[in-house]
file run_5.pdb (PDB, C-alpha atoms)
ATOM      1  CA  MET A 119     215.582 268.579 104.828
ATOM      2  CA  GLY A 120     213.195 268.712 107.759
ATOM      3  CA  SER A 121     213.349 269.464 111.421
ATOM      4  CA  LEU A 122     212.882 266.955 114.246
ATOM      5  CA  ALA A 123     212.038 268.032 117.763
ATOM      6  CA  LEU A 124     212.951 266.086 120.886
ATOM      7  CA  LYS A 125     211.227 267.311 124.030
ATOM      8  CA  ILE A 126     213.453 267.432 127.120
ATOM      9  CA  PRO A 127     213.032 265.848 129.611
ATOM     10  CA  GLU A 128     211.353 263.131 127.634
ATOM     11  CA  ILE A 129     210.422 260.983 130.621
ATOM     12  CA  ASN A 130     209.577 261.740 134.266
ATOM     13  CA  ASN A 131     211.902 259.078 135.735
ATOM     14  CA  SER A 132     215.083 260.345 137.398
ATOM     15  CA  TYR A 133     218.510 258.771 137.743
ATOM     16  CA  TYR A 134     220.193 261.846 139.224
ATOM     17  CA  ASP A 135     218.877 264.123 141.984
ATOM     18  CA  SER A 136     219.224 267.898 141.600
ATOM     19  CA  THR A 137     222.584 268.013 143.451
ATOM     20  CA  GLU A 138     224.022 265.341 141.167
ATOM     21  CA  ALA A 139     222.596 267.145 138.149
ATOM     22  CA  SER A 140     224.446 270.347 139.154
ATOM     23  CA  ALA A 141     227.655 268.349 139.698
ATOM     24  CA  ASN A 142     227.301 266.804 136.225
ATOM     25  CA  GLU A 143     226.846 270.215 134.670
ATOM     26  CA  SER A 144     229.941 271.516 136.489
ATOM     27  CA  LYS A 145     232.027 268.556 135.258
ATOM     28  CA  ILE A 146     230.917 269.104 131.669
ATOM     29  CA  LYS A 147     231.741 272.814 131.929
ATOM     30  CA  ALA A 148     235.064 272.209 133.690
ATOM     31  CA  ILE A 149     236.364 269.152 131.807
ATOM     32  CA  ILE A 150     234.574 268.462 128.539
ATOM     33  CA  ARG A 151     233.957 271.966 127.155
ATOM     34  CA  PRO A 152     237.435 273.481 127.797
ATOM     35  CA  ASN A 153     239.253 270.445 126.414
ATOM     36  CA  PHE A 154     237.027 269.341 123.553
ATOM     37  CA  GLY A 155     234.505 272.139 123.028
ATOM     38  CA  ALA A 156     235.990 273.258 119.716
ATOM     39  CA  TYR A 157     235.816 269.723 118.279
ATOM     40  CA  ILE A 158     232.312 269.189 119.676
ATOM     41  CA  ASN A 159     230.980 272.449 118.220
ATOM     42  CA  ASN A 160     232.506 271.792 114.804
ATOM     43  CA  THR A 161     231.267 268.187 114.748
ATOM     44  CA  ALA A 162     227.782 269.259 115.860
ATOM     45  CA  TYR A 163     227.728 271.618 112.886
ATOM     46  CA  LEU A 164     229.068 269.010 110.428
ATOM     47  CA  VAL A 165     226.776 266.131 111.397
ATOM     48  CA  ASN A 166     223.807 268.328 112.282
ATOM     49  CA  LEU A 167     223.247 267.237 115.885
ATOM     50  CA  PRO A 168     222.766 269.431 118.959
ATOM     51  CA  LYS A 169     226.106 269.860 120.734
ATOM     52  CA  GLU A 170     224.439 269.065 124.076
ATOM     53  CA  LEU A 171     223.614 265.578 122.801
ATOM     54  CA  ILE A 172     227.246 264.932 121.865
ATOM     55  CA  GLU A 173     228.421 266.304 125.235
ATOM     56  CA  ALA A 174     225.950 264.076 127.085
ATOM     57  CA  PHE A 175     227.129 260.938 125.249
ATOM     58  CA  ILE A 176     230.779 261.821 125.934
ATOM     59  CA  PHE A 177     229.974 262.354 129.614
ATOM     60  CA  ILE A 178     228.196 259.020 130.011
ATOM     61  CA  GLU A 179     230.605 257.017 127.881
ATOM     62  CA  SER A 180     233.948 258.283 129.211
ATOM     63  CA  ALA A 181     233.362 261.180 131.640
ATOM     64  CA  GLY A 182     235.545 263.170 129.244
ATOM     65  CA  ASN A 183     238.611 260.913 129.472
ATOM     66  CA  PRO A 184     240.044 260.591 125.943
ATOM     67  CA  ASN A 185     242.138 257.584 127.045
ATOM     68  CA  ALA A 186     239.202 255.625 128.463
ATOM     69  CA  SER A 187     239.619 252.116 127.135
ATOM     70  CA  THR A 188     238.140 248.674 127.626
ATOM     71  CA  LYS A 189     238.542 245.435 125.726
ATOM     72  CA  TYR A 190     235.644 246.480 123.518
ATOM     73  CA  ALA A 191     235.637 250.257 123.233
ATOM     74  CA  THR A 192     238.018 253.186 123.154
ATOM     75  CA  GLY A 193     238.073 256.908 123.754
ATOM     76  CA  LEU A 194     235.665 259.728 124.473
ATOM     77  CA  MET A 195     232.651 258.164 122.787
ATOM     78  CA  GLN A 196     233.704 254.550 123.476
ATOM     79  CA  LEU A 197     233.780 253.107 119.992
ATOM     80  CA  SER A 198     235.085 249.742 118.869
ATOM     81  CA  THR A 199     237.450 249.661 115.915
ATOM     82  CA  ALA A 200     235.022 247.440 113.954
ATOM     83  CA  SER A 201     232.024 249.621 114.637
ATOM     84  CA  ALA A 202     233.982 252.780 113.748
ATOM     85  CA  SER A 203     235.103 251.202 110.450
ATOM     86  CA  ASP A 204     231.567 250.126 109.493
ATOM     87  CA  THR A 205     230.144 253.508 110.503
ATOM     88  CA  LEU A 206     232.470 255.288 108.085
ATOM     89  CA  VAL A 207     231.795 252.810 105.264
ATOM     90  CA  THR A 208     228.036 253.187 105.793
ATOM     91  CA  GLU A 209     228.279 256.987 105.790
ATOM     92  CA  LYS A 210     230.335 256.987 102.589
ATOM     93  CA  GLY A 211     228.138 254.313 100.970
ATOM     94  CA  ALA A 212     225.056 256.419 101.669
ATOM     95  CA  GLY A 213     226.700 259.449 100.081
ATOM     96  CA  ARG A 214     226.547 261.340 103.371
ATOM     97  CA  LEU A 215     230.226 262.075 103.963
ATOM     98  CA  SER A 216     230.884 265.783 103.418
ATOM     99  CA  VAL A 217     234.153 267.235 102.129
ATOM    100  CA  GLN A 218     234.868 268.781 105.529
ATOM    101  CA  GLU A 219     234.251 265.460 107.302
ATOM    102  CA  ALA A 220     236.434 263.641 104.760
ATOM    103  CA  ASN A 221     239.270 266.128 105.316
ATOM    104  CA  ILE A 222     239.249 265.462 109.068
ATOM    105  CA  LEU A 223     239.215 261.702 108.510
ATOM    106  CA  LYS A 224     242.088 261.916 105.991
ATOM    107  CA  LYS A 225     244.189 263.706 108.604
ATOM    108  CA  TYR A 226     244.036 260.643 110.858
ATOM    109  CA  LEU A 227     243.579 257.727 108.451
ATOM    110  CA  GLY A 228     246.258 258.826 105.951
ATOM    111  CA  SER A 229     246.549 256.328 103.093
ATOM    112  CA  ARG A 230     243.791 254.174 104.645
ATOM    113  CA  PHE A 231     241.308 256.817 103.554
ATOM    114  CA  SER A 232     241.552 255.329 100.039
ATOM    115  CA  LEU A 233     239.562 252.341 101.361
ATOM    116  CA  LEU A 234     236.654 254.729 101.855
ATOM    117  CA  GLU A 235     237.099 256.257  98.430
ATOM    118  CA  ASN A 236     236.488 252.829  96.897
ATOM    119  CA  VAL A 237     233.247 252.193  98.803
ATOM    120  CA  LYS A 238     230.266 251.482  96.544
ATOM    121  CA  ALA A 239     226.773 252.943  96.888
ATOM    122  CA  ASN A 240     224.823 251.470  99.833
ATOM    123  CA  GLN A 241     227.802 249.470 101.066
ATOM    124  CA  THR A 242     227.788 249.131 104.864
ATOM    125  CA  SER A 243     231.028 247.237 105.467
ATOM    126  CA  ILE A 244     234.193 246.303 103.610
ATOM    127  CA  GLY A 245     234.666 243.249 105.832
ATOM    128  CA  LYS A 246     237.827 244.747 107.235
ATOM    129  CA  THR A 247     238.627 246.780 110.350
ATOM    130  CA  PHE A 248     240.767 249.678 109.184
ATOM    131  CA  VAL A 249     240.247 252.068 112.113
ATOM    132  CA  THR A 250     242.760 251.440 114.912
ATOM    133  CA  LYS A 251     242.648 251.961 118.670
ATOM    134  CA  GLU A 252     245.255 254.693 118.215
ATOM    135  CA  ASP A 253     242.876 256.554 115.863
ATOM    136  CA  LEU A 254     240.112 256.304 118.460
ATOM    137  CA  LEU A 255     242.342 257.781 121.156
ATOM    138  CA  LYS A 256     242.444 261.026 119.137
ATOM    139  CA  PRO A 257     239.619 263.268 120.436
ATOM    140  CA  GLU A 258     238.778 264.960 117.138
ATOM    141  CA  PHE A 259     238.562 261.650 115.259
ATOM    142  CA  ASN A 260     236.660 259.889 118.047
ATOM    143  CA  ILE A 261     234.087 262.671 118.406
ATOM    144  CA  LEU A 262     233.516 262.855 114.651
ATOM    145  CA  VAL A 263     233.073 259.099 114.143
ATOM    146  CA  GLY A 264     230.959 258.686 117.299
ATOM    147  CA  SER A 265     228.730 261.574 116.236
ATOM    148  CA  ILE A 266     228.365 260.224 112.694
ATOM    149  CA  LEU A 267     227.206 256.921 114.208
ATOM    150  CA  LEU A 268     224.850 258.768 116.524
ATOM    151  CA  LYS A 269     223.352 260.708 113.624
ATOM    152  CA  GLN A 270     222.938 257.545 111.543
ATOM    153  CA  LEU A 271     220.956 256.026 114.422
ATOM    154  CA  VAL A 272     218.912 259.205 114.913
ATOM    155  CA  ASP A 273     217.978 259.209 111.223
ATOM    156  CA  GLU A 274     217.265 255.484 111.240
ATOM    157  CA  PHE A 275     215.121 255.451 114.372
ATOM    158  CA  THR A 276     212.871 258.354 113.571
ATOM    159  CA  GLU A 277     209.336 256.985 113.600
ATOM    160  CA  ASN A 278     206.456 259.136 112.316
ATOM    161  CA  GLY A 279     208.547 262.289 112.594
ATOM    162  CA  LYS A 280     209.643 261.498 116.169
ATOM    163  CA  VAL A 281     213.145 260.465 117.170
ATOM    164  CA  ARG A 282     213.168 257.310 119.313
ATOM    165  CA  MET A 283     216.176 258.395 121.349
ATOM    166  CA  ASP A 284     215.632 255.433 123.710
ATOM    167  CA  LYS A 285     216.260 253.083 120.766
ATOM    168  CA  VAL A 286     219.229 255.172 119.592
ATOM    169  CA  ILE A 287     220.799 254.959 123.073
ATOM    170  CA  THR A 288     220.208 251.206 123.379
ATOM    171  CA  ILE A 289     221.781 250.452 120.025
ATOM    172  CA  TYR A 290     224.670 252.885 120.485
ATOM    173  CA  ASN A 291     225.345 251.279 123.858
ATOM    174  CA  GLY A 292     224.917 247.613 122.999
ATOM    175  CA  GLY A 293     225.674 247.439 119.283
ATOM    176  CA  ARG A 294     223.191 246.735 116.544
ATOM    177  CA  PHE A 295     223.398 242.976 116.741
ATOM    178  CA  SER A 296     223.032 242.395 120.484
ATOM    179  CA  SER A 297     219.916 240.490 121.523
ATOM    180  CA  ILE A 298     218.665 243.538 123.462
ATOM    181  CA  SER A 299     219.068 245.809 120.435
ATOM    182  CA  LYS A 300     217.253 243.344 118.163
ATOM    183  CA  LYS A 301     214.355 243.274 120.617
ATOM    184  CA  VAL A 302     214.308 247.062 121.038
ATOM    185  CA  ILE A 303     214.460 247.787 117.290
ATOM    186  CA  LYS A 304     211.092 246.049 116.845
ATOM    187  CA  TYR A 305     209.537 247.284 120.116
ATOM    188  CA  LYS A 306     206.202 249.028 119.635
ATOM    189  CA  GLY A 307     205.669 250.528 123.117
ATOM    190  CA  ASN A 308     206.681 254.024 124.238
ATOM    191  CA  THR A 309     209.883 255.026 126.033
ATOM    192  CA  THR A 310     208.526 254.540 129.566
ATOM    193  CA  GLN A 311     207.267 251.056 128.631
ATOM    194  CA  LEU A 312     210.581 250.220 126.958
ATOM    195  CA  LEU A 313     212.480 250.843 130.219
ATOM    196  CA  SER A 314     210.934 247.701 131.724
ATOM    197  CA  GLN A 315     211.941 245.623 128.705
ATOM    198  CA  VAL A 316     215.691 246.250 128.842
ATOM    199  CA  PRO A 317     218.432 245.384 131.380
ATOM    200  CA  LYS A 318     219.031 247.786 134.297
ATOM    201  CA  GLU A 319     222.222 249.186 132.783
ATOM    202  CA  THR A 320     220.438 250.094 129.559
ATOM    203  CA  SER A 321     217.424 251.658 131.279
ATOM    204  CA  ALA A 322     219.794 253.649 133.530
ATOM    205  CA  TYR A 323     221.578 254.970 130.424
ATOM    206  CA  ILE A 324     218.258 256.069 128.901
ATOM    207  CA  VAL A 325     217.113 257.789 132.119
ATOM    208  CA  LYS A 326     220.526 259.437 132.636
ATOM    209  CA  LEU A 327     220.110 261.076 129.246
ATOM    210  CA  LEU A 328     216.401 261.659 128.824
ATOM    211  CA  GLY A 329     214.974 261.762 132.352
ATOM    212  CA  THR A 330     214.234 264.583 134.774
ATOM    213  CA  ASN A 331     217.566 265.933 136.077
ATOM    214  CA  GLY A 332     219.140 263.945 133.264
ATOM    215  CA  LEU A 333     222.065 265.285 131.255
ATOM    216  CA  LEU A 334     219.951 266.828 128.522
ATOM    217  CA  ASP A 335     217.576 268.303 131.109
ATOM    218  CA  THR A 336     220.623 269.924 132.719
ATOM    219  CA  LEU A 337     222.310 271.116 129.538
ATOM    220  CA  VAL A 338     219.449 272.313 127.347
TER     221      VAL A 338
ATOM    222  CA  MET B1274     201.880 217.586  79.007
ATOM    223  CA  LYS B1275     205.044 215.631  78.331
ATOM    224  CA  ARG B1276     207.206 214.632  81.274
ATOM    225  CA  GLU B1277     210.174 216.530  79.788
ATOM    226  CA  THR B1278     208.045 219.693  79.417
ATOM    227  CA  LYS B1279     206.949 219.476  83.072
ATOM    228  CA  ILE B1280     210.555 219.110  84.237
ATOM    229  CA  ALA B1281     211.654 222.046  82.063
ATOM    230  CA  LEU B1282     208.824 224.173  83.432
ATOM    231  CA  LEU B1283     209.716 223.263  87.030
ATOM    232  CA  ILE B1284     213.382 224.095  86.462
ATOM    233  CA  GLY B1285     212.329 227.399  84.885
ATOM    234  CA  ILE B1286     210.134 228.365  87.858
ATOM    235  CA  LEU B1287     212.801 227.382  90.394
ATOM    236  CA  SER B1288     215.490 229.353  88.508
ATOM    237  CA  ALA B1289     213.277 232.439  88.350
ATOM    238  CA  GLY B1290     212.619 232.144  92.112
ATOM    239  CA  ILE B1291     216.295 231.815  92.950
ATOM    240  CA  LEU B1292     217.191 234.744  90.688
ATOM    241  CA  THR B1293     214.508 236.986  92.236
ATOM    242  CA  THR B1294     215.650 236.114  95.778
ATOM    243  CA  TYR B1295     219.261 236.856  94.820
ATOM    244  CA  ILE B1296     218.348 240.252  93.362
ATOM    245  CA  LEU B1297     216.236 241.183  96.399
ATOM    246  CA  ILE B1298     219.002 240.222  98.821
ATOM    247  CA  LYS B1299     221.557 242.093  96.732
ATOM    248  CA  ASN B1300     219.360 245.163  96.924
ATOM    249  CA  LYS B1301     218.975 244.538 100.667
ATOM    250  CA  LYS B1302     215.210 244.399 100.470
ATOM    251  CA  LEU B1303     215.177 241.191 102.501
ATOM    252  CA  LYS B1304     217.704 242.331 105.047
ATOM    253  CA  GLY B1305     214.890 242.725 107.544
ATOM    254  CA  MET B1306     216.549 245.226 109.821
ATOM    255  CA  GLY B1307     217.773 248.766 109.587
ATOM    256  CA  ALA B1308     215.589 249.572 106.603
ATOM    257  CA  VAL B1309     216.567 253.191 106.550
ATOM    258  CA  ASP B1310     216.931 255.779 103.902
ATOM    259  CA  LEU B1311     220.273 257.152 104.946
ATOM    260  CA  SER B1312     220.342 259.360 101.880
ATOM    261  CA  SER B1313     217.719 261.492 103.626
ATOM    262  CA  LYS B1314     220.581 262.708 105.774
ATOM    263  CA  LYS B1315     220.724 265.561 108.047
ATOM    264  CA  ASN B1316     217.327 266.412 109.286
ATOM    265  CA  ASN B1317     217.872 269.058 111.866
ATOM    266  CA  LEU B1318     217.370 267.689 115.407
ATOM    267  CA  VAL B1319     216.210 270.337 117.862
ATOM    268  CA  LEU B1320     216.026 269.829 121.621
ATOM    269  CA  THR B1321     213.041 271.659 123.083
ATOM    270  CA  ARG B1322     211.484 272.076 126.508
TER     271      ARG B1322
END
call {"tool": "encode", "arguments": {"input": "run_5.pdb", "output": "structure tokens"}}
result
Amino acid sequence: MGSLALKIPEINNSYYDSTEASANESKIKAIIRPNFGAYINNTAYLVNLPKELIEAFIFIESAGNPNASTKYATGLMQLSTASASDTLVTEKGAGRLSVQEANILKKYLGSRFSLLENVKANQTSIGKTFVTKEDLLKPEFNILVGSILLKQLVDEFTENGKVRMDKVITIYNGGRFSSISKKVIKYKGNTTQLLSQVPKETSAYIVKLLGTNGLLDTLV
Amino acid sequence: MKRETKIALLIGILSAGILTTYILIKNKKLKGMGAVDLSSKKNNLVLTR
């Protein structure tokens, strides 16, 4: 087990000015931490991610509204039922699911957890969506599954000992199989260069997280 | 070389090729994307200034 460092802010670009950055920090302290702090801290410990990273994703994805829902994504970390299902299968197939994580999942999945128990080594999907929208509306479940996905991407997109958080954000945001993600996965340039290669919404997401006055700059 | 021998040899080579491709795909070596060792789990990510 090694240690990966991510320098904050990672890029000089700004999405927020200093007033907006303070307002973001206040919202996270007033809404996200009091309501979900216990789940965030426990999940951060279980999946081995900094809690500030999980808080920042929750803030951008749902502004801390556990009922946030679109046609495609649900809850605090805005997951789709298909992506949540495949994330759990992948984690189990890779032998990464801890007993504590499994116990939390069992609490929400009930008998459906047996589908995960039957997952074979290196399996990444069972071709079936077994996580429901109702599951994803539960903060503890949503934060755990979203953070497991986030950690899978962090581990996958670590190049030469450096986490490519810009790639992690793009793929978390757009899904692994979107045309933008496919392009970004192979991209050789650095983070600043990547910003000009992706749509405005994606580059804004990256700068909101990694830029000066960005969420991580504010929280860390 | 007899015609039958050539045909047998060709079938043999093609079968071996198909079998190798099948095994590689099954082991996800030709998947092309997401070649990640997820078993390396849980490197500690630290945010620094």
call {"tool": "residues_around", "arguments": {"input": "run_5.pdb", "residues": "Leu327 (chain A)", "least_positions_apart": "4", "cutoff": "9 Å", "atoms": "only C-alpha atoms", "output": "VMD selection string"}}
result
chain A and resid 127 133 171 174 to 175 178 287 322 to 323 331 to 335
call {"tool": "resolve_selection", "arguments": {"input": "run_5.pdb", "expression": "the ChimeraX specification (/B :<8) & /A", "output": "PDB file with C-alpha atoms, in the frame of the given file"}}
result
ATOM      1  CA  MET A 119     215.582 268.579 104.828  1.00  0.00           C
ATOM      2  CA  GLY A 120     213.195 268.712 107.759  1.00  0.00           C
ATOM      3  CA  SER A 121     213.349 269.464 111.421  1.00  0.00           C
ATOM      4  CA  LEU A 122     212.882 266.955 114.246  1.00  0.00           C
ATOM      5  CA  ALA A 123     212.038 268.032 117.763  1.00  0.00           C
ATOM      6  CA  LEU A 124     212.951 266.086 120.886  1.00  0.00           C
ATOM      7  CA  LYS A 125     211.227 267.311 124.030  1.00  0.00           C
ATOM      8  CA  ILE A 126     213.453 267.432 127.120  1.00  0.00           C
ATOM      9  CA  PRO A 127     213.032 265.848 129.611  1.00  0.00           C
ATOM     10  CA  VAL A 165     226.776 266.131 111.397  1.00  0.00           C
ATOM     11  CA  ASN A 166     223.807 268.328 112.282  1.00  0.00           C
ATOM     12  CA  LEU A 167     223.247 267.237 115.885  1.00  0.00           C
ATOM     13  CA  PRO A 168     222.766 269.431 118.959  1.00  0.00           C
ATOM     14  CA  ALA A 212     225.056 256.419 101.669  1.00  0.00           C
ATOM     15  CA  GLY A 213     226.700 259.449 100.081  1.00  0.00           C
ATOM     16  CA  ARG A 214     226.547 261.340 103.371  1.00  0.00           C
ATOM     17  CA  LYS A 269     223.352 260.708 113.624  1.00  0.00           C
ATOM     18  CA  GLN A 270     222.938 257.545 111.543  1.00  0.00           C
ATOM     19  CA  ASP A 273     217.978 259.209 111.223  1.00  0.00           C
ATOM     20  CA  GLU A 274     217.265 255.484 111.240  1.00  0.00           C
ATOM     21  CA  VAL A 338     219.449 272.313 127.347  1.00  0.00           C
TER      22      VAL A 338
END
call {"tool": "axis_aligned_box", "arguments": {"input": "run_5.pdb", "around": "region 153-161 of chain A", "padding_each_side": "4 Å", "output": "lines of an AutoDock Vina configuration file"}}
result
center_x = 235.1
center_y = 270.7
center_z = 120.6
size_x = 16.3
size_y = 13.1
size_z = 19.7
call {"tool": "resolve_selection", "arguments": {"input": "run_5.pdb", "expression": "the PyMOL selection byres ((chain A and resi 207) around 9)", "output": "ChimeraX atom specification"}}
result
/A:202-206,208-212,233-234,237-238,240-244
call {"tool": "write_last_selection", "arguments": {"input": "run_5.pdb", "atoms": "C-alpha atoms", "output": "CSV table (one decimal), keeping the file's coordinate frame"}}
result
chain,number,residue,atom,x,y,z
A,202,ALA,CA,234.0,252.8,113.7
A,203,SER,CA,235.1,251.2,110.4
A,204,ASP,CA,231.6,250.1,109.5
A,205,THR,CA,230.1,253.5,110.5
A,206,LEU,CA,232.5,255.3,108.1
A,208,THR,CA,228.0,253.2,105.8
A,209,GLU,CA,228.3,257.0,105.8
A,210,LYS,CA,230.3,257.0,102.6
A,211,GLY,CA,228.1,254.3,101.0
A,212,ALA,CA,225.1,256.4,101.7
A,233,LEU,CA,239.6,252.3,101.4
A,234,LEU,CA,236.7,254.7,101.9
A,237,VAL,CA,233.2,252.2,98.8
A,238,LYS,CA,230.3,251.5,96.5
A,240,ASN,CA,224.8,251.5,99.8
A,241,GLN,CA,227.8,249.5,101.1
A,242,THR,CA,227.8,249.1,104.9
A,243,SER,CA,231.0,247.2,105.5
A,244,ILE,CA,234.2,246.3,103.6
call {"tool": "atom_distance", "arguments": {"input": "run_5.pdb", "atom1": "CA of Leu223 (chain A)", "atom2": "CA of Val249 (chain A)"}}
result
10.3 Å
call {"tool": "atom_distance", "arguments": {"input": "run_5.pdb", "atom1": "CA of Lys246 (chain A)", "atom2": "CA of Leu197 (chain A)"}}
result
15.8 Å
call {"tool": "resolve_selection", "arguments": {"input": "run_5.pdb", "expression": "the PyMOL selection byres ((chain A and resi 299) around 10)", "output": "list in words"}}
result
Lys285, Val286, Ile287, Thr288, Ile289, Tyr290, Asn291, Gly292, Gly293, Arg294, Phe295, Ser296, Ser297, Ile298, Lys300, Lys301, Val302, Ile303, Lys304, Tyr305 and Val316 of chain A
call {"tool": "residues_near_point", "arguments": {"input": "run_5.pdb", "point": "(229.5, 265.0, 113.4)", "cutoff": "7 Å", "atoms": "all atoms listed in the file", "output": "PyMOL selection string"}}
result
chain A and resi 161-166+262-263+265-266
call {"tool": "residues_around", "arguments": {"input": "run_5.pdb", "residues": "Phe154 (chain A)", "least_positions_apart": "3", "cutoff": "12 Å", "atoms": "all atoms listed in the file", "output": "PyMOL selection string"}}
result
chain A and resi 146-151+157-161+169+172-173+176-177+182-184+194+256-262
call {"tool": "atom_distance", "arguments": {"input": "run_5.pdb", "atom1": "CA of Phe248 (chain A)", "atom2": "CA of Ala200 (chain A)"}}
result
7.8 Å
